[in-house]
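With TSV, C-alpha atoms and all ligand atoms inside, this is structure_4.tsv:
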```tsv
chain	number	residue	atom	x	y	z
G	1	MET	CA	140.61	88.88	151.58
G	2	SER	CA	142.90	91.77	150.71
G	3	PHE	CA	145.29	91.54	147.79
G	4	GLN	CA	148.01	93.49	146.06
G	5	ILE	CA	148.58	93.22	142.30
G	6	GLU	CA	152.26	92.49	141.68
G	7	ASN	CA	152.17	92.05	137.95
G	8	ILE	CA	149.84	92.85	135.08
G	9	ALA	CA	150.27	91.16	131.72
G	10	LEU	CA	148.51	92.50	128.64
G	11	ARG	CA	148.12	90.21	125.66
G	12	ARG	CA	146.73	91.06	122.28
G	13	ILE	CA	145.22	88.07	120.49
G	14	ARG	CA	143.73	87.56	117.02
G	15	MET	CA	140.96	85.10	116.34
G	16	PRO	CA	139.04	84.68	113.07
G	17	LEU	CA	135.26	84.29	113.48
G	18	VAL	CA	133.73	81.14	111.98
G	19	HIS	CA	131.23	83.40	110.20
G	20	PHE	CA	131.39	87.16	109.65
G	21	PHE	CA	129.20	89.27	111.91
G	22	GLU	CA	127.47	92.30	110.41
G	23	THR	CA	125.71	95.10	112.26
G	24	SER	CA	124.45	98.51	111.13
G	25	PHE	CA	127.98	99.82	111.72
G	26	GLY	CA	129.92	97.24	109.74
G	27	ARG	CA	131.15	93.71	109.21
G	28	THR	CA	133.66	91.82	111.38
G	29	TYR	CA	135.62	88.81	110.10
G	30	GLU	CA	138.31	88.61	112.73
G	31	ARG	CA	138.46	89.69	116.35
G	32	ILE	CA	141.45	91.40	117.90
G	33	MET	CA	141.13	91.19	121.65
G	34	ILE	CA	143.11	92.22	124.69
G	35	LEU	CA	143.40	89.90	127.65
G	36	VAL	CA	144.41	91.16	131.08
G	37	GLU	CA	146.17	88.90	133.56
G	38	VAL	CA	146.64	90.20	137.10
G	39	GLN	CA	148.88	88.35	139.52
G	40	CYS	CA	149.17	88.15	143.29
G	41	GLY	CA	151.19	85.57	145.20
G	42	GLY	CA	151.39	83.15	142.27
G	43	ILE	CA	147.66	83.32	141.56
G	44	SER	CA	146.36	84.82	138.31
G	45	GLY	CA	143.06	86.51	137.58
G	46	TRP	CA	141.92	87.02	134.01
G	47	GLY	CA	139.88	89.63	132.20
G	48	GLU	CA	138.96	90.28	128.59
G	49	VAL	CA	138.58	93.73	127.06
G	50	THR	CA	135.36	93.68	125.04
G	51	CYS	CA	135.91	96.58	122.65
G	52	GLY	CA	135.89	96.14	118.89
G	53	GLU	CA	138.67	96.44	116.32
G	54	ASN	CA	137.43	99.90	115.39
G	55	PRO	CA	135.63	102.72	117.23
G	56	PHE	CA	132.26	102.01	115.58
G	57	TYR	CA	130.20	100.41	118.36
G	58	ASN	CA	131.48	102.99	120.83
G	59	GLU	CA	134.61	105.15	120.93
G	60	GLU	CA	136.93	102.38	122.09
G	61	TRP	CA	138.98	99.95	120.03
G	62	SER	CA	141.83	97.53	120.66
G	63	ASP	CA	144.61	100.09	120.23
G	64	SER	CA	143.00	102.71	122.47
G	65	ALA	CA	142.33	100.08	125.13
G	66	TRP	CA	145.94	98.90	125.02
G	67	LEU	CA	147.26	102.41	125.66
G	68	ILE	CA	144.68	103.24	128.33
G	69	LEU	CA	145.52	100.03	130.17
G	70	ARG	CA	149.28	100.33	129.83
G	71	ASP	CA	149.67	104.03	130.54
G	72	PHE	CA	146.77	104.93	132.85
G	73	ALA	CA	144.72	102.08	134.31
G	74	ALA	CA	147.40	99.49	135.17
G	75	PRO	CA	149.71	102.01	136.94
G	76	ARG	CA	146.80	102.97	139.26
G	77	VAL	CA	146.19	99.37	140.23
G	78	LEU	CA	149.72	97.91	140.37
G	79	GLY	CA	151.06	97.63	143.91
G	80	PHE	CA	147.92	99.06	145.48
G	81	GLN	CA	146.50	97.23	148.50
G	82	PHE	CA	142.85	96.36	147.83
G	83	ASP	CA	140.55	95.12	150.56
G	84	SER	CA	138.26	93.79	147.85
G	85	ALA	CA	137.80	93.83	144.08
G	86	ALA	CA	134.84	96.14	144.68
G	87	GLU	CA	137.42	98.92	145.24
G	88	VAL	CA	139.20	98.55	141.91
G	89	ALA	CA	136.79	100.57	139.75
G	90	ALA	CA	137.20	103.63	141.97
G	91	ARG	CA	140.98	103.58	141.36
G	92	THR	CA	140.47	104.16	137.63
G	93	ALA	CA	137.30	106.28	137.83
G	94	HIS	CA	139.23	109.45	136.97
G	95	ILE	CA	139.85	108.06	133.47
G	96	ARG	CA	137.10	109.59	131.38
G	97	GLY	CA	135.29	107.02	129.28
G	98	HIS	CA	137.24	103.96	128.07
G	99	ASN	CA	135.04	101.77	130.26
G	100	MET	CA	135.88	98.62	128.33
G	101	ALA	CA	139.61	99.07	128.87
G	102	SER	CA	139.26	99.74	132.59
G	103	GLY	CA	136.52	97.12	132.82
G	104	GLY	CA	138.78	94.35	131.51
G	105	LEU	CA	141.23	95.07	134.31
G	106	GLU	CA	138.46	95.36	136.91
G	107	ALA	CA	136.96	92.03	135.87
G	108	ALA	CA	140.40	90.39	136.09
G	109	CYS	CA	140.67	91.59	139.70
G	110	TRP	CA	137.29	90.02	140.55
G	111	ASP	CA	138.47	86.76	139.03
G	112	LEU	CA	141.68	87.01	141.05
G	113	GLU	CA	139.79	87.64	144.28
G	114	ALA	CA	137.51	84.69	143.58
G	115	ARG	CA	140.53	82.44	143.00
G	116	ILE	CA	142.25	83.68	146.14
G	117	ASN	CA	139.07	82.71	148.01
G	118	ASN	CA	138.82	79.47	146.04
G	119	ALA	CA	135.27	80.55	145.13
G	120	PRO	CA	133.47	80.60	141.81
G	121	LEU	CA	133.30	84.07	140.26
G	122	TRP	CA	129.49	84.05	140.35
G	123	LYS	CA	129.64	83.67	144.12
G	124	GLN	CA	132.29	86.36	144.48
G	125	ILE	CA	130.15	88.93	142.67
G	126	GLY	CA	127.04	88.05	144.70
G	127	GLY	CA	125.26	86.06	141.98
G	128	GLY	CA	123.93	82.52	142.13
G	129	ALA	CA	120.22	83.18	141.59
G	130	ARG	CA	120.18	80.44	138.92
G	131	LYS	CA	122.21	77.35	138.08
G	132	GLU	CA	121.42	77.55	134.38
G	133	ILE	CA	121.27	80.75	132.43
G	134	PRO	CA	118.77	81.24	129.58
G	135	CYS	CA	120.47	81.82	126.23
G	136	GLY	CA	119.56	83.71	123.10
G	137	VAL	CA	121.55	84.38	119.96
G	138	SER	CA	122.37	87.52	118.03
G	139	ILE	CA	122.33	86.97	114.28
G	140	GLY	CA	124.02	89.52	112.05
G	141	ILE	CA	122.81	91.02	108.81
G	142	GLN	CA	123.15	88.45	106.02
G	143	ASP	CA	123.58	88.84	102.28
G	144	THR	CA	120.07	87.58	101.61
G	145	VAL	CA	116.84	86.99	103.54
G	146	PRO	CA	116.79	83.23	102.78
G	147	GLN	CA	120.28	82.97	104.33
G	148	LEU	CA	118.99	84.74	107.43
G	149	LEU	CA	115.94	82.45	107.65
G	150	LYS	CA	118.22	79.43	107.39
G	151	LYS	CA	120.40	80.72	110.24
G	152	ILE	CA	117.37	81.35	112.42
G	153	GLU	CA	116.13	77.84	111.76
G	154	THR	CA	119.49	76.37	112.82
G	155	GLU	CA	119.56	78.36	116.07
G	156	VAL	CA	115.93	77.56	116.91
G	157	ASN	CA	116.67	73.87	116.32
G	158	ASP	CA	119.66	74.16	118.64
G	159	GLY	CA	117.25	75.21	121.37
G	160	TYR	CA	118.10	78.90	121.77
G	161	GLN	CA	115.32	80.67	123.65
G	162	ARG	CA	115.18	83.88	121.69
G	163	ILE	CA	116.46	85.19	118.41
G	164	LYS	CA	117.88	88.66	117.95
G	165	VAL	CA	118.44	89.99	114.47
G	166	LYS	CA	120.33	93.07	113.47
G	167	ILE	CA	118.45	95.76	111.56
G	168	LYS	CA	119.40	98.93	109.72
G	169	PRO	CA	117.61	101.23	107.26
G	170	GLY	CA	116.87	99.09	104.21
G	171	TRP	CA	117.07	95.85	106.23
G	172	ASP	CA	114.25	96.14	108.72
G	173	VAL	CA	110.44	96.03	108.34
G	174	ASP	CA	110.37	93.80	105.25
G	175	VAL	CA	112.95	91.43	106.70
G	176	ILE	CA	111.13	91.17	110.03
G	177	ARG	CA	107.89	90.48	108.16
G	178	GLU	CA	109.47	87.54	106.36
G	179	ILE	CA	110.91	86.20	109.62
G	180	ARG	CA	107.51	86.40	111.25
G	181	ARG	CA	105.89	84.61	108.33
G	182	GLU	CA	108.28	81.67	108.79
G	183	PHE	CA	108.53	81.80	112.58
G	184	PRO	CA	105.30	83.24	114.00
G	185	ALA	CA	105.88	81.93	117.54
G	186	ILE	CA	109.55	82.51	118.35
G	187	LYS	CA	110.72	85.10	120.84
G	188	LEU	CA	112.14	87.64	118.41
G	189	MET	CA	113.84	91.01	118.85
G	190	ALA	CA	115.74	93.48	116.69
G	191	ASP	CA	118.92	95.45	117.39
G	192	ALA	CA	119.52	98.63	115.38
G	193	ASN	CA	122.86	99.63	116.92
G	194	SER	CA	121.98	103.33	116.74
G	195	ALA	CA	121.05	103.35	113.05
G	196	TYR	CA	117.95	105.59	113.26
G	197	THR	CA	116.90	109.06	114.37
G	198	LEU	CA	113.59	110.48	115.56
G	199	ARG	CA	112.81	111.31	111.94
G	200	ASP	CA	112.30	107.57	111.52
G	201	LEU	CA	109.65	107.41	114.26
G	202	GLU	CA	106.77	106.48	111.96
G	203	HIS	CA	108.88	103.95	110.13
G	204	LEU	CA	109.89	102.30	113.42
G	205	MET	CA	106.22	102.22	114.50
G	206	ARG	CA	105.64	99.76	111.65
G	207	LEU	CA	107.67	97.22	113.63
G	208	ASP	CA	104.93	97.11	116.32
G	209	GLU	CA	102.93	94.81	114.06
G	210	PHE	CA	105.46	92.01	114.60
G	211	TYR	CA	105.11	91.77	118.41
G	212	LEU	CA	108.87	91.86	118.99
G	213	MET	CA	110.11	91.33	122.55
G	214	MET	CA	112.01	94.60	122.23
G	215	ILE	CA	113.88	96.92	119.87
G	216	GLU	CA	117.45	97.49	120.99
G	217	GLN	CA	119.19	100.88	120.75
G	218	PRO	CA	117.27	102.34	117.81
G	219	LEU	CA	118.68	105.88	118.25
G	220	ALA	CA	122.16	107.34	118.62
G	221	HIS	CA	124.84	105.63	120.72
G	222	ASP	CA	125.01	108.60	123.10
G	223	GLU	CA	121.31	109.43	123.09
G	224	ILE	CA	118.92	108.74	125.94
G	225	ILE	CA	116.50	111.66	125.67
G	226	ASP	CA	115.17	111.07	122.14
G	227	HIS	CA	114.22	107.54	123.14
G	228	VAL	CA	111.50	109.04	125.39
G	229	PRO	CA	109.14	110.20	122.61
G	230	LEU	CA	110.00	107.10	120.58
G	231	GLN	CA	109.11	104.78	123.46
G	232	ALA	CA	105.88	106.73	124.01
G	233	ALA	CA	104.95	106.13	120.36
G	234	LEU	CA	105.87	102.42	120.32
G	235	GLN	CA	104.05	99.46	121.81
G	236	THR	CA	107.26	97.44	121.59
G	237	PRO	CA	109.58	97.97	124.56
G	238	ILE	CA	112.85	99.75	123.82
G	239	CYS	CA	115.97	98.10	125.23
G	240	LEU	CA	118.96	100.39	125.69
G	241	ASP	CA	122.48	99.15	125.05
G	242	GLU	CA	125.12	101.66	123.82
G	243	CYS	CA	123.86	104.71	125.73
G	244	ILE	CA	123.82	103.11	129.19
G	245	ARG	CA	127.36	103.38	130.53
G	246	SER	CA	126.62	103.79	134.23
G	247	ALA	CA	124.01	103.10	136.87
G	248	HIS	CA	123.29	106.83	136.96
G	249	GLN	CA	122.41	106.83	133.28
G	250	ALA	CA	120.32	103.70	133.77
G	251	GLU	CA	118.40	105.45	136.53
G	252	GLN	CA	117.87	108.52	134.34
G	253	ALA	CA	116.69	106.46	131.36
G	254	ILE	CA	114.25	104.51	133.53
G	255	ARG	CA	112.93	107.63	135.25
G	256	MET	CA	112.37	109.34	131.87
G	257	LYS	CA	110.68	106.23	130.48
G	258	ALA	CA	113.22	106.00	127.66
G	259	CYS	CA	113.17	102.20	127.81
G	260	GLY	CA	111.45	99.16	129.30
G	261	ILE	CA	114.47	96.86	129.32
G	262	ILE	CA	118.23	97.28	129.74
G	263	ASN	CA	121.04	95.29	128.14
G	264	ILE	CA	124.00	95.13	130.53
G	265	LYS	CA	127.46	94.65	129.05
G	266	LEU	CA	130.20	94.19	131.59
G	267	GLY	CA	132.76	96.18	129.60
G	268	ARG	CA	130.46	98.97	128.50
G	269	VAL	CA	129.75	99.95	132.12
G	270	GLY	CA	133.35	99.46	133.27
G	271	GLY	CA	133.24	96.13	135.11
G	272	PHE	CA	131.35	94.12	137.69
G	273	THR	CA	130.97	96.83	140.33
G	274	GLU	CA	129.09	99.17	138.00
G	275	ALA	CA	127.27	96.29	136.27
G	276	LYS	CA	125.86	95.24	139.64
G	277	LYS	CA	124.75	98.82	140.29
G	278	VAL	CA	122.98	98.97	136.92
G	279	HIS	CA	121.39	95.63	137.72
G	280	ASP	CA	120.24	96.87	141.14
G	281	VAL	CA	118.78	100.15	139.92
G	282	ALA	CA	116.86	98.35	137.17
G	283	GLN	CA	115.60	95.75	139.61
G	284	ALA	CA	114.44	98.42	142.05
G	285	HIS	CA	112.32	99.93	139.25
G	286	GLY	CA	110.94	96.63	137.95
G	287	ILE	CA	112.99	96.85	134.73
G	288	PRO	CA	114.31	93.45	133.54
G	289	VAL	CA	117.88	93.16	132.29
G	290	TRP	CA	119.82	90.70	130.17
G	291	CYS	CA	123.48	90.16	129.38
G	292	GLY	CA	124.71	91.62	126.11
G	293	GLY	CA	127.59	90.16	124.13
G	294	MET	CA	130.56	91.61	122.26
G	295	LEU	CA	131.66	88.50	120.33
G	296	GLU	CA	133.73	87.50	123.34
G	297	ALA	CA	136.32	84.78	123.55
G	298	GLY	CA	136.12	82.32	126.42
G	299	ILE	CA	137.18	84.57	129.28
G	300	GLY	CA	134.67	87.29	128.49
G	301	ARG	CA	132.03	84.65	127.84
G	302	ALA	CA	132.68	83.02	131.23
G	303	HIS	CA	132.46	86.41	132.94
G	304	ASN	CA	129.12	87.01	131.21
G	305	ILE	CA	127.86	83.66	132.48
G	306	ALA	CA	128.79	84.62	136.05
G	307	MET	CA	127.08	88.01	135.70
G	308	SER	CA	123.95	86.36	134.30
G	309	THR	CA	123.40	84.60	137.62
G	310	LEU	CA	122.45	87.90	139.30
G	311	PRO	CA	118.72	87.78	140.09
G	312	ASN	CA	117.37	90.41	137.67
G	313	PHE	CA	118.95	88.80	134.58
G	314	VAL	CA	115.57	87.29	133.82
G	315	LEU	CA	115.60	87.55	130.01
G	316	PRO	CA	117.74	85.36	127.71
G	317	GLY	CA	121.04	87.10	126.95
G	318	ASP	CA	123.40	87.15	123.97
G	319	VAL	CA	125.57	84.55	125.69
G	320	SER	CA	125.80	81.43	123.54
G	321	ALA	CA	128.05	78.50	122.71
G	322	SER	CA	131.74	79.05	121.85
G	323	LYS	CA	131.37	77.13	118.59
G	324	ARG	CA	129.08	79.79	117.14
G	325	TYR	CA	132.12	82.08	117.10
G	326	TRP	CA	135.31	80.04	117.21
G	327	LYS	CA	136.80	76.89	115.74
G	328	ARG	CA	138.80	76.66	118.95
G	329	ASP	CA	138.14	78.79	122.03
G	330	ILE	CA	140.82	79.96	124.47
G	331	ILE	CA	139.16	78.06	127.33
G	332	ARG	CA	138.51	74.40	128.00
G	333	PRO	CA	135.98	73.00	127.85
G	334	ALA	CA	134.35	75.28	125.30
G	335	VAL	CA	131.09	76.90	126.41
G	336	GLU	CA	128.21	74.66	125.40
G	337	THR	CA	124.45	74.93	125.62
G	338	THR	CA	121.87	72.36	126.68
G	339	PRO	CA	119.06	71.27	124.32
G	340	ASN	CA	116.84	73.69	126.28
G	341	GLY	CA	118.98	76.66	125.29
G	342	THR	CA	120.69	77.17	128.62
G	343	ILE	CA	124.27	77.20	129.87
G	344	VAL	CA	124.93	75.26	133.06
G	345	VAL	CA	126.84	77.32	135.61
G	346	GLY	CA	129.74	75.42	137.17
G	347	ASP	CA	131.24	75.46	140.66
G	348	GLU	CA	134.91	75.74	139.68
G	349	PRO	CA	136.88	78.62	141.22
G	350	GLY	CA	137.22	81.91	139.36
G	351	PHE	CA	135.63	82.18	135.94
G	352	GLY	CA	135.25	78.43	135.99
G	353	TYR	CA	137.16	77.16	132.92
G	354	GLU	CA	140.74	76.16	132.14
G	355	LEU	CA	142.79	78.39	129.87
G	356	ASP	CA	144.09	76.73	126.72
G	357	ARG	CA	147.58	78.15	127.18
G	358	GLU	CA	149.02	76.34	124.21
G	359	PHE	CA	146.44	77.93	121.90
G	360	LEU	CA	146.79	81.28	123.64
G	361	LYS	CA	150.49	81.30	122.79
G	362	GLN	CA	149.73	80.59	119.14
G	363	ILE	CA	147.31	83.49	118.74
G	364	THR	CA	149.14	86.11	120.83
G	365	VAL	CA	150.51	88.88	118.63
G	366	GLU	CA	151.77	91.24	121.35
G	367	GLU	CA	152.52	90.96	125.02
G	368	VAL	CA	153.71	93.32	127.72
G	369	ASN	CA	154.42	92.76	131.40
G	370	LEU	CA	153.89	95.62	133.80
G	371	ARG	CA	155.14	95.54	137.35
R	1	LIG	O1	124.94	95.55	119.95
R	1	LIG	O2	124.78	93.75	121.03
R	1	LIG	C1	125.38	94.44	120.21
R	1	LIG	C2	128.27	92.45	118.72
R	1	LIG	C3	129.22	93.43	118.60
R	1	LIG	C4	128.90	94.71	118.94
R	1	LIG	C5	127.64	95.03	119.44
R	1	LIG	C6	126.69	94.04	119.59
R	1	LIG	C7	127.00	92.74	119.20
R	1	LIG	C8	126.06	91.65	119.23
R	1	LIG	C9	126.63	90.27	119.30
R	1	LIG	O3	124.87	91.77	119.12
R	1	LIG	C10	126.44	89.61	120.60
R	1	LIG	C11	127.26	88.34	120.67
R	1	LIG	O4	126.84	87.35	120.08
R	1	LIG	O5	128.31	88.37	121.32
R	2	MG	MG	123.16	95.89	120.99
```
Could you write out this file's structure as structure tokens?
Ligand code: OSB
Ligand code: MG
Amino acid sequence: MSFQIENIALRRIRMPLVHFFETSFGRTYERIMILVEVQCGGISGWGEVTCGENPFYNEEWSDSAWLILRDFAAPRVLGFQFDSAAEVAARTAHIRGHNMASGGLEAACWDLEARINNAPLWKQIGGGARKEIPCGVSIGIQDTVPQLLKKIETEVNDGYQRIKVKIKPGWDVDVIREIRREFPAIKLMADANSAYTLRDLEHLMRLDEFYLMMIEQPLAHDEIIDHVPLQAALQTPICLDECIRSAHQAEQAIRMKACGIINIKLGRVGGFTEAKKVHDVAQAHGIPVWCGGMLEAGIGRAHNIAMSTLPNFVLPGDVSASKRYWKRDIIRPAVETTPNGTIVVGDEPGFGYELDREFLKQITVEEVNLR
């Protein structure tokens, strides 16, 4: 059904994490997030911008996303007649980069379209291959190895199907060895967030001994090519995250044999339309994908759940229970997992949860209405 966006509201919210999250690029205690609400005929669609508070994961951060949305992306979408949400990404494609900013708006339009059709978002995007999605967790760098082992034990006991740990130079081979000593049988993987270069090739080869499911983004955030010789030297599959921003890049990386697995993040590729294309190109080449996380609040989390019902999302993603991140989430009910480490996909329209508007009001630090 066609729709015209009459109003776009941007909200900046602040939410402290229940536990800090540390990667090779730094530690996060509190998230600052931008929510996008698009309106048509009294119906609202919601999106969440998944960038960080600083330009350390990629070049985007909350302030850049706010300006891109307000000054460039929203004006291209406001008042335009769309035949479907699949057309939204093309309207902002002339904006170079800033995929997470544009992607938050694009995802909101998919949610709106789903709600107009009274359909669940997973159905609107063409998903529905599974009714429960397999869940893993991403565990940050801790102050000590015993603290990390304790965290892993808690998550394994909660039923999560695979454990991802963050690594960086000085916190890698020896740490993984200790994890493997305690947990020889778990599905384990490591995410370097671009912390190494090809000079570390022999060092990274030492990780092969620990039969990891994959090593995620070992080399630079904008590097595909150097992953080719690294993958050739490793037995462990490389999974690309940061450097895959489009289906074209996914196709190139697969063709070059730079990776064996791809992490798809809705924001990083600019929304559902491109995410589906990345999914399709990987599937066509027999490359499995899984859904990455960006410490999302409830809206982004719900969108990730919908995306994870596309058929080639066969590996457990970084989509886990709200309570691992937040004392109180912005949606109701909070996202919960089953004892088997899955999230049950609902049949409610749109992203499938209620917004906790009362809480949203409390944590909103800035708001602008564009029409
Ligand atoms: O590389 O996957 C990543 C968090 C922030 C930035 C980058 C990454 C991550 C995670 C956490 O690994 C995933 C999550 O639990 O949301
Ligand atoms: Mg990653």
Next on the checklist: For a quick check of your reading of the model, name the residues lying within 12 Å of the coordinate (139.4, 89.7, 120.1), counting all atoms listed in the file, and write them as JSON, numbers by chain.
Outcome noted: {"G": [11, 12, 13, 14, 15, 16, 17, 28, 29, 30, 31, 32, 33, 34, 35, 48, 49, 50, 51, 52, 53, 54, 61, 62, 63, 65, 294, 295, 296, 297, 298, 299, 300, 301, 325, 326, 329, 330, 360, 363, 364, 365]}
Export of the given selection (C-alpha atoms) as a PDB file, in the frame of the given file:
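Saved as again.pdb:
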```pdb
ATOM      1  CA  ARG G  11     148.120  90.210 125.660  1.00  0.00           C
ATOM      2  CA  ARG G  12     146.730  91.060 122.280  1.00  0.00           C
ATOM      3  CA  ILE G  13     145.220  88.070 120.490  1.00  0.00           C
ATOM      4  CA  ARG G  14     143.730  87.560 117.020  1.00  0.00           C
ATOM      5  CA  MET G  15     140.960  85.100 116.340  1.00  0.00           C
ATOM      6  CA  PRO G  16     139.040  84.680 113.070  1.00  0.00           C
ATOM      7  CA  LEU G  17     135.260  84.290 113.480  1.00  0.00           C
ATOM      8  CA  THR G  28     133.660  91.820 111.380  1.00  0.00           C
ATOM      9  CA  TYR G  29     135.620  88.810 110.100  1.00  0.00           C
ATOM     10  CA  GLU G  30     138.310  88.610 112.730  1.00  0.00           C
ATOM     11  CA  ARG G  31     138.460  89.690 116.350  1.00  0.00           C
ATOM     12  CA  ILE G  32     141.450  91.400 117.900  1.00  0.00           C
ATOM     13  CA  MET G  33     141.130  91.190 121.650  1.00  0.00           C
ATOM     14  CA  ILE G  34     143.110  92.220 124.690  1.00  0.00           C
ATOM     15  CA  LEU G  35     143.400  89.900 127.650  1.00  0.00           C
ATOM     16  CA  GLU G  48     138.960  90.280 128.590  1.00  0.00           C
ATOM     17  CA  VAL G  49     138.580  93.730 127.060  1.00  0.00           C
ATOM     18  CA  THR G  50     135.360  93.680 125.040  1.00  0.00           C
ATOM     19  CA  CYS G  51     135.910  96.580 122.650  1.00  0.00           C
ATOM     20  CA  GLY G  52     135.890  96.140 118.890  1.00  0.00           C
ATOM     21  CA  GLU G  53     138.670  96.440 116.320  1.00  0.00           C
ATOM     22  CA  ASN G  54     137.430  99.900 115.390  1.00  0.00           C
ATOM     23  CA  TRP G  61     138.980  99.950 120.030  1.00  0.00           C
ATOM     24  CA  SER G  62     141.830  97.530 120.660  1.00  0.00           C
ATOM     25  CA  ASP G  63     144.610 100.090 120.230  1.00  0.00           C
ATOM     26  CA  ALA G  65     142.330 100.080 125.130  1.00  0.00           C
ATOM     27  CA  MET G 294     130.560  91.610 122.260  1.00  0.00           C
ATOM     28  CA  LEU G 295     131.660  88.500 120.330  1.00  0.00           C
ATOM     29  CA  GLU G 296     133.730  87.500 123.340  1.00  0.00           C
ATOM     30  CA  ALA G 297     136.320  84.780 123.550  1.00  0.00           C
ATOM     31  CA  GLY G 298     136.120  82.320 126.420  1.00  0.00           C
ATOM     32  CA  ILE G 299     137.180  84.570 129.280  1.00  0.00           C
ATOM     33  CA  GLY G 300     134.670  87.290 128.490  1.00  0.00           C
ATOM     34  CA  ARG G 301     132.030  84.650 127.840  1.00  0.00           C
ATOM     35  CA  TYR G 325     132.120  82.080 117.100  1.00  0.00           C
ATOM     36  CA  TRP G 326     135.310  80.040 117.210  1.00  0.00           C
ATOM     37  CA  ASP G 329     138.140  78.790 122.030  1.00  0.00           C
ATOM     38  CA  ILE G 330     140.820  79.960 124.470  1.00  0.00           C
ATOM     39  CA  LEU G 360     146.790  81.280 123.640  1.00  0.00           C
ATOM     40  CA  ILE G 363     147.310  83.490 118.740  1.00  0.00           C
ATOM     41  CA  THR G 364     149.140  86.110 120.830  1.00  0.00           C
ATOM     42  CA  VAL G 365     150.510  88.880 118.630  1.00  0.00           C
TER      43      VAL G 365
END
```
Throw together the list of residues within 9 Å of ligand MG 2 (chain R), counting only C-alpha atoms and all ligand atoms, and drop it here as an mmCIF file with C-alpha atoms, in the coordinates of the input.
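File written: part.cif
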```
data_model
loop_
_atom_site.group_PDB
_atom_site.id
_atom_site.type_symbol
_atom_site.label_atom_id
_atom_site.label_comp_id
_atom_site.auth_asym_id
_atom_site.auth_seq_id
_atom_site.Cartn_x
_atom_site.Cartn_y
_atom_site.Cartn_z
ATOM 1 C CA TYR G 57 130.200 100.410 118.360
ATOM 2 C CA SER G 138 122.370 87.520 118.030
ATOM 3 C CA LYS G 166 120.330 93.070 113.470
ATOM 4 C CA ALA G 190 115.740 93.480 116.690
ATOM 5 C CA ASP G 191 118.920 95.450 117.390
ATOM 6 C CA ALA G 192 119.520 98.630 115.380
ATOM 7 C CA ASN G 193 122.860 99.630 116.920
ATOM 8 C CA SER G 194 121.980 103.330 116.740
ATOM 9 C CA GLU G 216 117.450 97.490 120.990
ATOM 10 C CA GLN G 217 119.190 100.880 120.750
ATOM 11 C CA CYS G 239 115.970 98.100 125.230
ATOM 12 C CA LEU G 240 118.960 100.390 125.690
ATOM 13 C CA ASP G 241 122.480 99.150 125.050
ATOM 14 C CA GLU G 242 125.120 101.660 123.820
ATOM 15 C CA ASN G 263 121.040 95.290 128.140
ATOM 16 C CA GLY G 292 124.710 91.620 126.110
ATOM 17 C CA GLY G 293 127.590 90.160 124.130
ATOM 18 C CA MET G 294 130.560 91.610 122.260
#
```
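Atom pair CA of Phe82 (chain G) / CA of Leu112 (chain G): separated by 11.6 Å.
Each of G:Val156, G:Ile287, G:Ile125, G:Ile167 was checked against Ile141 (chain G) using all atoms listed in the file; the smallest atom-to-atom distance is that of G:Ile167.
Relative to CA of Val165 (chain G), CA of Pro184 (chain G) is found at 14.8 Å.
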What separates CA of Arg268 (chain G) and CA of Gly140 (chain G) is a distance of 20.0 Å
Excluding region 306-316 of chain G and any residue of its chain fewer than 3 positions from it, enumerate the residues within 6 Å of it, using only C-alpha atoms, and give them as number ranges by chain.
G: 122, 127-130, 134-136, 283, 288-290, 303
Judged by all atoms listed in the file, the minimum distance to Ala302 (chain G) among G:Arg199, G:Arg324, G:Lys168, G:Arg332 is found for G:Arg332
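The protein and nucleic acid residues lying at most 8 Å from Asn304 (chain G) are G:Leu266, G:Cys291, G:Gly293, G:Val319, with all atoms listed in the file considered and sequence neighbours fewer than 6 positions away removed.
Nearest residue to ligand LIG 1 (chain R), choosing from G:Glu367, G:Asp318, G:Glu251, G:Asp208 and counting all atoms listed in the file: G:Asp318.
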In terms of all atoms listed in the file, the residue from G:Arg177, G:Lys277, G:Arg357, G:Lys265 at minimal distance from ligand LIG 1 (chain R) is G:Lys265
Using all atoms listed in the file, the best pick from G:Gly170, G:Pro146, G:Pro218, G:Gly79 as closest to ligand LIG 1 (chain R) would be G:Pro218
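The closest residue to ligand LIG 1 (chain R), picked from G:Asn118, G:Ser320, G:Asn157, G:Ser2 and counting all atoms listed in the file, is G:Ser320.
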**Request:** Would you mind listing what lies within 7 Å of Arg371 (chain G) as an MDAnalysis selection string, with only C-alpha atoms counted and same-chain residues fewer than 4 positions away left out?
**Result:** chainID G and resid 6:8 78
Query raised in the report: So which residues fall inside 10 Å of (128.0, 102.5, 130.5) if we count only C-alpha atoms? Mind giving them as a PyMOL selection string?
Result: chain G and resi 97-100+241-250+264-271+274-275+278
Name all residues at most 9 Å from Thr337 (chain G) (count all atoms listed in the file; drop same-chain ones fewer than 6 positions away) and give them as an MDAnalysis selection string.
-> chainID G and resid 135 158:160 320:321 343:344
Expected file contents, prior selection, C-alpha atoms, as a PDB file, keeping the file's coordinate frame:
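Done, and the output landed in result.pdb:
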```
ATOM      1  CA  CYS G 135     120.470  81.820 126.230  1.00  0.00           C
ATOM      2  CA  ASP G 158     119.660  74.160 118.640  1.00  0.00           C
ATOM      3  CA  GLY G 159     117.250  75.210 121.370  1.00  0.00           C
ATOM      4  CA  TYR G 160     118.100  78.900 121.770  1.00  0.00           C
ATOM      5  CA  SER G 320     125.800  81.430 123.540  1.00  0.00           C
ATOM      6  CA  ALA G 321     128.050  78.500 122.710  1.00  0.00           C
ATOM      7  CA  ILE G 343     124.270  77.200 129.870  1.00  0.00           C
ATOM      8  CA  VAL G 344     124.930  75.260 133.060  1.00  0.00           C
TER       9      VAL G 344
END
```
